[in-house]
Structures are given as structure tokens and as C-alpha cells.
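Have a look at my_file-v9.txt below; it lists compact mmCIF, C-alpha atoms.
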# COMPACT_ATOMS: atom_id res chain seq x y z
CA MET A 1 92.58 113.53 128.63
CA THR A 2 94.23 110.47 127.08
CA LEU A 3 95.85 110.08 123.66
CA GLY A 4 96.44 106.54 122.38
CA LEU A 5 99.37 105.84 120.04
CA LEU A 6 98.39 102.93 117.80
CA SER A 7 100.77 100.71 115.82
CA LEU A 8 100.72 97.18 114.42
CA ARG A 9 103.83 96.16 116.38
CA SER A 10 104.60 96.96 120.00
CA ASP A 11 108.21 97.90 119.10
CA GLN A 12 107.29 100.26 116.25
CA GLU A 13 108.40 103.93 116.36
CA THR A 14 109.37 103.69 120.04
CA GLU A 15 111.63 106.75 119.92
CA TYR A 16 108.96 108.89 118.22
CA PHE A 17 106.21 107.74 120.60
CA THR A 18 108.43 108.31 123.65
CA GLU A 19 109.31 111.86 122.62
CA ILE A 20 105.61 112.65 122.17
CA ALA A 21 104.80 111.12 125.56
CA LYS A 22 107.53 113.12 127.33
CA ARG A 23 105.75 116.34 126.33
CA ALA A 24 102.20 115.22 127.17
CA PHE A 25 102.13 116.75 130.67
CA LEU A 26 102.68 120.20 129.10
CA HIS A 27 99.29 119.78 127.42
CA GLY A 28 97.56 118.32 130.48
CA MET A 29 97.44 114.89 128.87
CA GLN A 30 98.54 111.30 129.44
CA VAL A 31 99.68 108.99 126.67
CA VAL A 32 99.22 105.27 126.18
CA ARG A 33 100.40 103.01 123.37
CA PHE A 34 98.98 99.75 122.08
CA THR A 35 98.40 97.49 119.09
CA PRO A 36 95.02 96.36 117.70
CA PHE A 37 95.75 92.89 119.08
CA GLN A 38 95.95 94.12 122.68
CA ILE A 39 92.26 95.11 122.76
CA ILE A 40 89.97 92.73 124.66
CA PRO A 41 86.71 92.81 122.61
CA ALA A 42 84.42 91.61 125.42
CA THR A 43 85.42 94.38 127.85
CA GLU A 44 86.87 96.97 125.40
CA GLN A 45 89.86 97.19 127.73
CA VAL A 46 93.43 97.34 126.44
CA HIS A 47 96.51 95.57 127.83
CA GLY A 48 99.08 98.08 126.63
CA LEU A 49 101.65 100.58 127.90
CA LEU A 50 101.17 103.79 129.86
CA PHE A 51 103.88 106.46 129.91
CA ASP A 52 104.98 107.27 133.45
CA SER A 53 105.93 110.95 133.22
CA VAL A 54 107.79 110.87 136.56
CA GLN A 55 110.09 107.97 135.65
CA GLU A 56 109.90 108.86 131.92
CA GLN A 57 109.34 105.27 130.86
CA TRP A 58 106.60 103.00 129.58
CA VAL A 59 104.91 100.68 132.06
CA GLN A 60 102.48 97.81 131.52
CA HIS A 61 98.94 98.97 132.14
CA THR A 62 95.31 98.03 131.46
CA PHE A 63 93.09 100.90 130.35
CA PRO A 64 89.86 101.60 128.41
CA ILE A 65 90.13 102.27 124.67
CA PRO A 66 91.36 105.89 124.64
CA PRO A 67 89.01 108.60 123.37
CA PHE A 68 91.64 109.94 120.94
CA ILE A 69 93.90 107.80 118.77
CA TYR A 70 96.96 108.68 116.69
CA ASP A 71 97.08 105.91 114.09
CA ARG A 72 100.57 104.92 112.94
CA CYS A 73 99.68 101.47 111.54
CA PHE A 74 101.49 100.71 108.29
CA TYR A 75 99.82 98.03 106.20
CA ASN A 76 101.47 95.67 103.76
CA ARG A 77 100.94 92.05 102.75
CA THR A 78 101.86 90.54 106.13
CA GLU A 79 99.54 88.46 108.29
CA SER A 80 99.54 91.13 111.04
CA SER A 81 98.31 93.73 108.50
CA ARG A 82 95.55 91.42 107.30
CA GLN A 83 94.37 90.77 110.86
CA GLY A 84 94.92 94.25 112.25
CA LYS A 85 93.24 96.36 109.57
CA PRO A 86 89.63 95.23 110.35
CA ILE A 87 90.17 95.98 114.04
CA VAL A 88 91.37 99.52 113.21
CA GLU A 89 88.38 100.01 110.90
CA TRP A 90 86.11 98.96 113.78
CA LEU A 91 87.82 101.50 116.05
CA LYS A 92 87.22 104.24 113.47
CA LYS A 93 83.49 103.50 113.47
CA ARG A 94 83.27 103.43 117.26
CA PRO A 95 81.31 106.54 118.40
CA GLN A 96 83.36 107.04 121.58
CA THR A 97 86.67 107.16 119.69
CA GLN A 98 88.11 109.93 117.54
CA PHE A 99 91.15 109.47 115.33
CA LEU A 100 93.46 112.46 114.82
CA GLY A 101 93.40 111.58 111.14
CA HIS A 102 91.63 108.88 109.18
CA GLY A 103 94.37 108.20 106.65
CA LEU A 104 94.22 107.94 102.88
CA PRO A 105 92.89 105.23 100.58
CA ASP A 106 95.31 103.45 98.24
CA LYS A 107 97.40 105.39 95.72
CA LEU A 108 95.00 104.82 92.83
CA GLN A 109 92.05 106.36 94.69
CA THR A 110 94.19 109.20 96.01
CA TYR A 111 95.51 110.03 92.53
CA SER A 112 91.94 109.87 91.20
CA ILE A 113 90.70 112.43 93.77
CA LEU A 114 93.58 114.81 93.06
CA SER A 115 93.38 114.43 89.27
CA HIS A 116 89.71 115.47 89.34
CA HIS A 117 90.26 118.60 91.43
CA PRO A 118 90.96 121.68 89.25
CA ALA A 119 93.68 123.11 91.52
CA THR A 120 95.71 119.88 91.80
CA ALA A 121 95.01 118.17 88.45
CA PRO A 122 97.82 119.95 86.52
CA TYR A 123 100.40 118.51 88.92
CA VAL A 124 99.21 114.89 88.92
CA PRO A 125 100.77 112.50 86.37
CA TYR A 126 98.57 110.26 84.23
CA THR A 127 97.72 107.24 86.42
CA VAL A 128 95.73 104.06 85.76
CA GLU A 129 95.71 100.56 87.20
CA ALA A 130 98.32 98.51 85.35
CA THR A 131 97.23 95.60 83.19
CA ILE A 132 99.26 93.49 80.77
CA GLU A 133 97.46 95.14 77.84
CA ASN A 134 97.78 98.80 78.84
CA VAL A 135 101.41 98.45 79.99
CA TRP A 136 102.41 96.88 76.67
CA LYS A 137 100.58 99.55 74.63
CA TYR A 138 102.08 102.32 76.75
CA ILE A 139 105.74 101.26 76.49
CA TRP A 140 105.35 100.42 72.78
CA ARG A 141 104.13 103.98 72.20
CA HIS A 142 106.14 105.98 74.75
CA LYS A 143 109.22 103.72 75.16
CA GLN A 144 109.34 104.28 78.94
CA ALA A 145 106.94 103.77 81.85
CA ALA A 146 106.83 103.53 85.63
CA LEU A 147 105.00 100.90 87.67
CA LYS A 148 104.22 101.55 91.35
CA PRO A 149 102.58 99.18 93.87
CA VAL A 150 99.17 100.58 94.77
CA ASN A 151 99.92 100.10 98.48
CA GLY A 152 103.68 100.53 98.27
CA SER A 153 105.96 102.50 100.56
CA GLN A 154 109.66 103.38 100.95
CA GLY A 155 110.22 102.93 97.20
CA ASN A 156 109.81 99.15 97.41
CA GLY A 157 108.48 97.55 94.25
CA PHE A 158 108.95 100.61 92.02
CA CYS A 159 109.68 99.48 88.48
CA PHE A 160 111.11 101.41 85.52
CA LEU A 161 110.37 99.95 82.08
CA SER A 162 112.38 100.82 78.99
CA TYR A 163 111.56 99.65 75.44
CA GLY A 164 114.66 99.57 73.20
CA ARG A 165 115.46 98.36 69.72
CA ARG A 166 116.91 95.05 70.83
CA SER A 167 115.35 94.43 74.24
CA ILE A 168 112.93 95.53 76.92
CA GLN A 169 114.48 96.34 80.29
CA ALA A 170 112.78 96.27 83.67
CA THR A 171 114.57 97.88 86.65
CA LEU A 172 112.97 96.94 89.95
CA GLN A 173 113.66 98.54 93.34
CA GLN A 174 113.60 96.07 96.24
CA ALA A 175 114.62 97.68 99.54
CA LYS A 176 118.22 98.90 98.95
CA GLN A 177 118.71 96.63 95.94
CA THR A 178 118.14 97.56 92.29
CA ILE A 179 117.49 94.57 90.03
CA THR A 180 117.56 94.91 86.23
CA GLU A 181 116.25 92.26 83.83
CA SER A 182 116.39 92.28 80.03
CA PHE A 183 113.93 90.55 77.73
CA LEU A 184 114.76 89.81 74.11
CA SER A 185 111.19 88.98 73.09
CA LYS A 186 107.75 90.38 73.72
CA GLU A 187 106.58 86.96 74.96
CA ASP A 188 109.29 86.73 77.64
CA PHE A 189 108.55 90.25 78.85
CA LEU A 190 104.78 89.70 79.01
CA ALA A 191 105.27 86.47 80.97
CA TRP A 192 107.43 88.34 83.49
CA LEU A 193 104.93 91.21 83.61
CA ALA A 194 102.03 88.82 84.25
CA SER A 195 103.90 87.36 87.21
CA LEU A 196 104.65 90.83 88.60
CA LEU A 197 101.03 92.02 88.31
CA GLN A 198 99.81 88.81 89.87
CA SER A 199 101.89 89.46 93.01
CA GLN A 200 100.07 92.73 93.78
CA THR A 201 98.16 95.61 92.16
CA TYR A 202 100.32 98.16 90.35
CA LEU A 203 99.79 101.64 88.95
CA LEU A 204 100.96 102.61 85.46
CA GLN A 205 102.44 106.10 85.13
CA PRO A 206 104.80 107.98 82.81
CA PHE A 207 108.44 107.75 83.83
CA LEU A 208 109.18 111.36 84.71
CA SER A 209 112.67 112.71 84.03
CA VAL A 210 113.12 114.05 87.56
CA GLN A 211 116.90 114.15 87.98
CA ASP A 212 119.01 116.90 89.51
CA ALA A 213 122.02 118.54 87.88
CA TYR A 214 124.12 115.44 88.72
CA GLY A 215 121.67 112.96 87.15
CA ARG A 216 120.33 111.73 90.52
CA PRO A 217 116.60 111.12 91.07
CA PHE A 218 115.27 113.51 93.70
CA ASP A 219 112.10 114.68 95.36
CA ILE A 220 111.06 117.37 97.81
CA ARG A 221 109.36 115.98 100.93
CA VAL A 222 107.04 118.51 102.58
CA LEU A 223 105.30 117.70 105.85
CA LEU A 224 101.94 119.41 106.43
CA GLN A 225 100.14 119.18 109.77
CA LYS A 226 97.14 120.76 111.45
CA ASN A 227 98.10 123.05 114.31
CA GLU A 228 96.51 123.77 117.69
CA LYS A 229 93.78 125.78 115.90
CA GLY A 230 92.98 122.99 113.43
CA VAL A 231 94.59 124.92 110.56
CA TRP A 232 96.97 123.32 108.05
CA GLU A 233 100.56 124.56 108.21
CA GLU A 234 103.93 123.46 106.90
CA ALA A 235 106.04 121.63 109.49
CA GLY A 236 109.14 121.45 107.30
CA ARG A 237 110.64 120.37 104.03
CA GLY A 238 113.78 118.71 102.74
CA VAL A 239 115.10 117.09 99.57
CA ARG A 240 115.94 113.41 99.04
CA CYS A 241 118.55 112.60 96.40
CA GLY A 242 119.10 109.06 95.13
CA ASN A 243 122.28 107.52 93.84
CA GLU A 244 123.26 108.23 90.23
CA ARG A 245 122.00 104.88 88.97
CA ALA A 246 119.00 104.62 91.29
CA VAL A 247 115.41 104.79 90.05
CA VAL A 248 113.94 106.14 93.31
CA SER A 249 114.98 108.80 95.81
CA ASN A 250 113.66 107.12 98.95
CA LEU A 251 115.96 107.21 101.98
CA HIS A 252 115.32 103.52 102.67
CA ALA A 253 116.77 102.78 99.23
CA GLY A 254 120.07 104.44 100.13
CA SER A 255 119.38 108.08 99.26
CA GLN A 256 120.69 111.10 101.14
CA SER A 257 118.86 114.19 102.31
CA ILE A 258 119.88 117.81 101.71
CA THR A 259 118.19 121.02 102.76
CA TYR A 260 115.65 122.63 100.47
CA GLU A 261 117.65 125.89 100.64
CA GLU A 262 120.76 124.12 99.32
CA TRP A 263 118.81 122.36 96.56
CA LYS A 264 117.04 125.43 95.19
CA GLN A 265 120.32 127.27 94.64
CA SER A 266 120.95 125.00 91.63
CA TYR A 267 118.19 126.88 89.73
CA PRO A 268 118.46 130.39 88.26
CA LYS A 269 116.52 133.00 90.25
CA GLN A 270 113.65 133.38 87.75
CA GLU A 271 113.11 129.61 87.47
CA ARG A 272 113.33 129.32 91.25
CA LEU A 273 110.56 131.88 91.77
CA LEU A 274 108.28 130.05 89.33
CA LEU A 275 108.97 126.67 90.96
CA GLU A 276 108.29 128.01 94.43
CA ASP A 277 105.04 129.59 93.26
CA ASN A 278 103.88 126.20 91.91
CA ILE A 279 104.95 124.39 95.08
CA THR A 280 103.06 126.91 97.24
CA THR A 281 99.93 126.41 95.11
CA LEU A 282 100.20 122.65 95.58
CA LEU A 283 100.67 122.85 99.34
CA LYS A 284 97.52 124.93 99.72
CA ALA A 285 95.42 122.89 97.30
CA VAL A 286 96.18 119.27 98.22
CA PRO A 287 94.67 119.21 101.76
CA ILE A 288 91.55 121.02 100.52
CA ALA A 289 91.09 118.62 97.60
CA LEU A 290 91.50 115.54 99.82
CA GLU A 291 89.24 116.68 102.65
CA GLN A 292 86.44 117.61 100.25
CA THR A 293 86.12 113.88 99.53
CA LEU A 294 87.68 112.03 102.47
CA PRO A 295 87.29 112.05 106.28
CA PRO A 296 89.47 114.59 108.14
CA LEU A 297 93.25 114.23 108.15
CA PHE A 298 95.85 115.39 110.67
CA GLU A 299 99.07 115.24 108.62
CA ILE A 300 100.27 114.45 105.11
CA GLY A 301 103.68 114.08 103.52
CA LEU A 302 103.89 115.37 99.96
CA ASP A 303 106.57 114.14 97.57
CA ILE A 304 107.09 116.76 94.87
CA SER A 305 109.60 116.80 92.05
CA VAL A 306 110.57 118.88 89.04
CA ASP A 307 111.28 117.47 85.59
CA GLN A 308 113.87 118.64 83.09
CA ASN A 309 111.33 121.05 81.57
CA GLN A 310 110.81 122.67 85.02
CA ALA A 311 107.33 121.18 85.30
CA VAL A 312 106.31 120.48 88.92
CA TRP A 313 104.83 117.03 89.68
CA LEU A 314 103.13 115.58 92.73
CA LEU A 315 104.70 112.12 92.96
CA ASP A 316 103.01 110.83 96.12
CA VAL A 317 100.90 111.74 99.14
CA ASN A 318 101.29 109.86 102.43
CA SER A 319 99.00 110.23 105.44
CA LYS A 320 101.50 108.50 107.77
CA PRO A 321 104.71 110.20 106.72
CA GLY A 322 108.14 109.49 108.12
CA ARG A 323 110.18 112.23 109.76
CA ARG A 324 113.74 111.37 108.87
CA VAL A 325 114.07 114.08 106.20
CA MET A 326 112.71 116.70 108.60
CA LEU A 327 115.00 115.58 111.42
CA GLU A 328 118.06 115.73 109.17
CA CYS A 329 117.22 118.93 107.27
CA LYS A 330 115.35 120.93 109.92
CA PRO A 331 116.73 119.87 113.33
CA GLU A 332 115.44 123.16 114.78
CA ASN A 333 111.88 121.92 114.11
CA VAL A 334 112.28 118.67 116.06
CA ASP A 335 110.47 119.82 119.18
CA HIS A 336 107.52 121.05 117.13
CA LEU A 337 107.17 117.63 115.47
CA TYR A 338 106.74 115.95 118.85
CA HIS A 339 104.28 118.55 120.18
CA ALA A 340 102.09 118.58 117.05
CA PRO A 341 99.93 115.46 117.72
CA LEU A 342 99.34 116.60 121.30
CA ALA A 343 98.41 120.17 120.31
CA TYR A 344 95.97 118.94 117.65
CA CYS A 345 94.47 116.40 120.06
CA LYS A 346 93.87 119.24 122.53
CA TYR A 347 92.14 121.20 119.77
CA LEU A 348 89.85 118.24 119.02
CA THR A 349 89.03 117.94 122.72
CA LEU A 350 88.04 121.60 122.97
CA GLU A 351 85.93 121.32 119.80
CA ALA A 352 84.15 118.27 121.23
CA GLN A 353 83.45 120.18 124.46
CA LYS A 354 82.03 123.14 122.50
CA GLY A 355 79.77 120.75 120.59
CA ALA A 356 78.55 119.16 123.83
CA ASP A 357 77.92 122.57 125.48
CA SER A 358 75.88 123.81 122.51
CA GLN A 359 73.47 120.85 122.64

Write the structure described by the file as C-alpha cells, please.
Amino acid sequence: MTLGLLSLRSDQETEYFTEIAKRAFLHGMQVVRFTPFQIIPATEQVHGLLFDSVQEQWVQHTFPIPPFIYDRCFYNRTESSRQGKPIVEWLKKRPQTQFLGHGLPDKLQTYSILSHHPATAPYVPYTVEATIENVWKYIWRHKQAALKPVNGSQGNGFCFLSYGRRSIQATLQQAKQTITESFLSKEDFLAWLASLLQSQTYLLQPFLSVQDAYGRPFDIRVLLQKNEKGVWEEAGRGVRCGNERAVVSNLHAGSQSITYEEWKQSYPKQERLLLEDNITTLLKAVPIALEQTLPPLFEIGLDISVDQNQAVWLLDVNSKPGRRVMLECKPENVDHLYHAPLAYCKYLTLEAQKGADSQ
């Protein structure tokens, strides 16, 4: 039984992949890793890496396309993304191959699915594709707005717009850098906005007042995964807090993580109970809502926050979540994180065998 770990770059997530591979023998499995570009189309063989469980290291190896694939390809606007994505889509359609999870569409489609499901709709902020016209109307009426890249990650490209008496301000997050520009006229702002929207597709949302008691932006990252029985369960949660002047709480933008238990103590007991009830409702509802419309998933990271009126909001859903918050806030769960893909792969194998036996 072979599990393939798929990434766009051969050096991506080496530590994570290695820790998974070290535990494979406990599940009666072997693990290989490869990129879409290492597949030979004519033979459907792969020139990748096989994990040698005796030496505990990766070795060069040629093998058939594995029957099960854990997809950790992150797409952006690079040439490797443009070339790799069609190959991964081909793999997903290949009858002999099963992905642990099929991933999510872009943020606009994901928000649309969740905003139309009765259990999740109350937690999803108003979201539309940004255009010059609707952004201008929105900030003229509401004075503030948020723009998010439709395929963004790690907080990159997030933009906070503020309409004041004398100027319009745009605060843009680029990696660890926050850039603020002021525009004294509508024409200057719209010219800048046109350039921004030309660079990539953006979402328009309300700017939610999601700051903690110290004025820092924050969100709760919850990791959900399917277990060895194919049932969704929580793998851990933690809280990311941004800097006081930051507009995002992403760790890649310089935020810090704190435990959920520490964070919730800042709320009075009655408010805390209400918040936790809403969060529990969300955690149960989101996987159901997504899988009613989309192909099966294996794991999702939910970014949840609470505004100054104690309203709970679902800020983002990621089908290829990072693990840094979990590793820092729940170190006791580390071993479980590495076993999870293997345990779920074993479940899929047994289900496939049951299906074959019943035919």
C-alpha cells in the first residue's frame, strides 16, 4: 500500500513529509514523494523519492503513479503553478488514483457555497467579486472595506480601504510589510484601484472589527481532519494575534500564536459560553456544507474571528492548511498530525476493498 506525497517543488514541506513517512510502517504502508513534473506521461512512471524506513531517509526511486495521493500543491501566479495545475487535474481524473482530498475552489466559490447553506450562512460575511464600480459605491456608503485576493494565502495582498473626509487610504499587506497609500482625489484612487484589480481577481468584503482587547487583529485557526473511520474530528486549535498596527493576523505577516485556552479567558463566562456554542455549530456545519457540493475532502483549516459585538465570523477556509499554529499551541497533538494522513489513507484502502468484494 503506497501513499504519494505531492508538491509543486521537491524541497517543499520536507520536514512534514519526513515525519509522515517515518510512521508509515506502523500502518503497513510505504511513502513516496514527487512533483507533477517528475511524471513520465508515456509510461506513467515517476522519477521521485522513496522513503527508506530502515535508514530513515529519502532515496531516488522510479515507481508507478501511487494509488493514493496526498496533495500539498499550493498554487499562485508562478510558472510552475500554471504548468503543474493541469497535470494535477489529470491525476484527479485518473481512475486508478484516489486523492485523500480534492481541495477547494477559489475563495469566491467557497464563500458562495457557504453563504447559501442555512447552517453556515449567518457566519459568512457579505462577499462579491471586486470591481471598480462596486468598491467605490461600497466605501462611499460604508467608509471601510476589505479586499482579498481570490486565490490568496498567508495574508498576502489583503487590502484595507478607508474613506475619510480629506483622503482615501489603502493599507496593503505584502508578506511581512504593510504599505499605506493616501489619495486626495477620487480619480487618483480609482486609477490605483484599477491597477490593483488588473493584477489579479479580488473579493470585496466588509472590514470586520476583529481586534482583541489590545487592539490587535486576531483569528482562531481550527484544524479539522477525517480520522481512521472517515469521520470529521477536530485536530486542534490556536489563536493568531497580529501586531497592533497590522491589518491581518497571519503568522507569515509577523503575528504570534497563543493557546485558545489563554485567549478565551479575556471574555466573561457568559459571553464565552455563547461564543463557544457558535464555534461548535460552525465546526460541525462547514464540512457538511462543503461536501454536499464538492468532491470529498480530507482536512480543512477554518479561520474564525469575533467582532466587537461578539458576532462570530468565518474569515477563511483552507483545504491545505498549515500546521504552525497547532505545533506551537498544541505540541501534545504533534504525533497525531503526522499519523492522520496515513490513518485516513488506510481507511480509504479498506473502503475500496469492501467495494471490490461486494461486486

Counting only C-alpha atoms, the residue among A:Arg166, A:Lys176, A:Arg216, A:Lys148 that lies closest to Leu204 in chain A is A:Lys148

* Asked: Out of A:Lys346, A:His61, A:Arg272, A:Arg9, which residue has the shortest atom-to-atom distance to Lys229 in chain A when counting all atoms listed in the file?
  ->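 For Lys229 in chain A, the nearest of the given residues is A:Lys346.
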
Expressed in Å, the length from CA of Cys241 in chain A to CA of Val334 in chain A is 21.5 Å

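For the choices A:Leu5, A:Pro66, A:Thr281, A:Ile39, the atom-to-atom distance to Trp313 in chain A is smallest for A:Thr281 when using all atoms listed in the file.
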
What separates CA of Glu328 in chain A and CA of Gly238 in chain A is a distance of 8.3 Å

request  = Please work out which residues fall within 7 Å of (97.2, 100.8, 93.1), coordinates as given in the file, with all atoms listed in the file counting, and return them as a list in words.
outcome  =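 Neighbouring residues, ordered by chain and number, come to Asp106, Lys107, Leu108, Glu129, Pro149, Val150, Asn151, Thr201, Tyr202 and Leu203 of chain A.
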
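Pairwise distance (CA of Phe298 in chain A, CA of Tyr16 in chain A) equals 16.5 Å.
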
Taking only C-alpha atoms into account, which of A:Ala289, A:Ala311, A:Val59, A:Leu172 comes nearest Ser112 in chain A?
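The shortest atom-to-atom distance to Ser112 in chain A comes from A:Ala289.
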
- Query: Within 9 Å of range 180-183 of chain A, counting only C-alpha atoms, which residues qualify if same-chain residues fewer than 4 places away don't, as a PyMOL selection string?
  - Reply: chain A and resi 166-173+187-189+192

Check your understanding: Smallest atom-to-atom distance to Asn156 in chain A: which of A:Ile40, A:His142, A:Trp136, A:Asn76, using all atoms listed in the file?
Key ->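 Nearest candidate to Asn156 in chain A out of A:Ile40, A:His142, A:Trp136, A:Asn76: A:Asn76.
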
Original post:
Using all atoms listed in the file, which of A:Ala146, A:Val312, A:Leu26, A:Leu3 sits nearest Asp277 in chain A?
Top reply: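 Smallest separation from Asp277 in chain A among the options: A:Val312.
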
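Those residues that approach Glu261 in chain A to within 12 Å, counting all atoms listed in the file, are Ile220, Gly236, Arg237, Gly238, Val239, Ser266, Tyr267, Arg272, Glu276, Cys329 and Lys330 of chain A; same-chain residues fewer than 5 positions away are not listed.
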
Using only C-alpha atoms, find all polymer residues with an atom at most 6 Å away from the point (104.6, 101.1, 81.1); report them as an MDAnalysis selection string. chainID A and resid 135 138:139 145:146 161 204

Tell me which protein, DNA and RNA residues are within 10 Å of Thr2 in chain A, counting all atoms listed in the file, leaving out same-chain ones fewer than 3 positions away, and put them as a tab-separated table (two decimals) with C-alpha atoms, keeping the file's coordinate frame.
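Full text of around_16.tsv as output:
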chain	number	residue	atom	x	y	z
A	5	LEU	CA	99.37	105.84	120.04
A	24	ALA	CA	102.20	115.22	127.17
A	28	GLY	CA	97.56	118.32	130.48
A	29	MET	CA	97.44	114.89	128.87
A	30	GLN	CA	98.54	111.30	129.44
A	31	VAL	CA	99.68	108.99	126.67
A	32	VAL	CA	99.22	105.27	126.18
A	64	PRO	CA	89.86	101.60	128.41
A	65	ILE	CA	90.13	102.27	124.67
A	66	PRO	CA	91.36	105.89	124.64
A	67	PRO	CA	89.01	108.60	123.37
A	68	PHE	CA	91.64	109.94	120.94
A	69	ILE	CA	93.90	107.80	118.77
A	342	LEU	CA	99.34	116.60	121.30
A	345	CYS	CA	94.47	116.40	120.06
A	346	LYS	CA	93.87	119.24	122.53

Please enclose the listed atoms of range 291-301 of chain A in an axis-aligned box, pad each side by 4 Å, and write out the centre and the three edge lengths in Å, rounded to one decimal, as AutoDock Vina command-line options.
--center_x 94.9 --center_y 114.8 --center_z 105.1 --size_x 25.6 --size_y 13.6 --size_z 19.1

**Asked** Which residues come within 12 Å of range 208-212 of chain A, counting all atoms listed in the file, excluding same-chain residues fewer than 3 positions away, as a PyMOL selection string?
**Response** chain A and resi 124-126+142+144-147+160-161+205+215-220+239-249+263-267+303-315
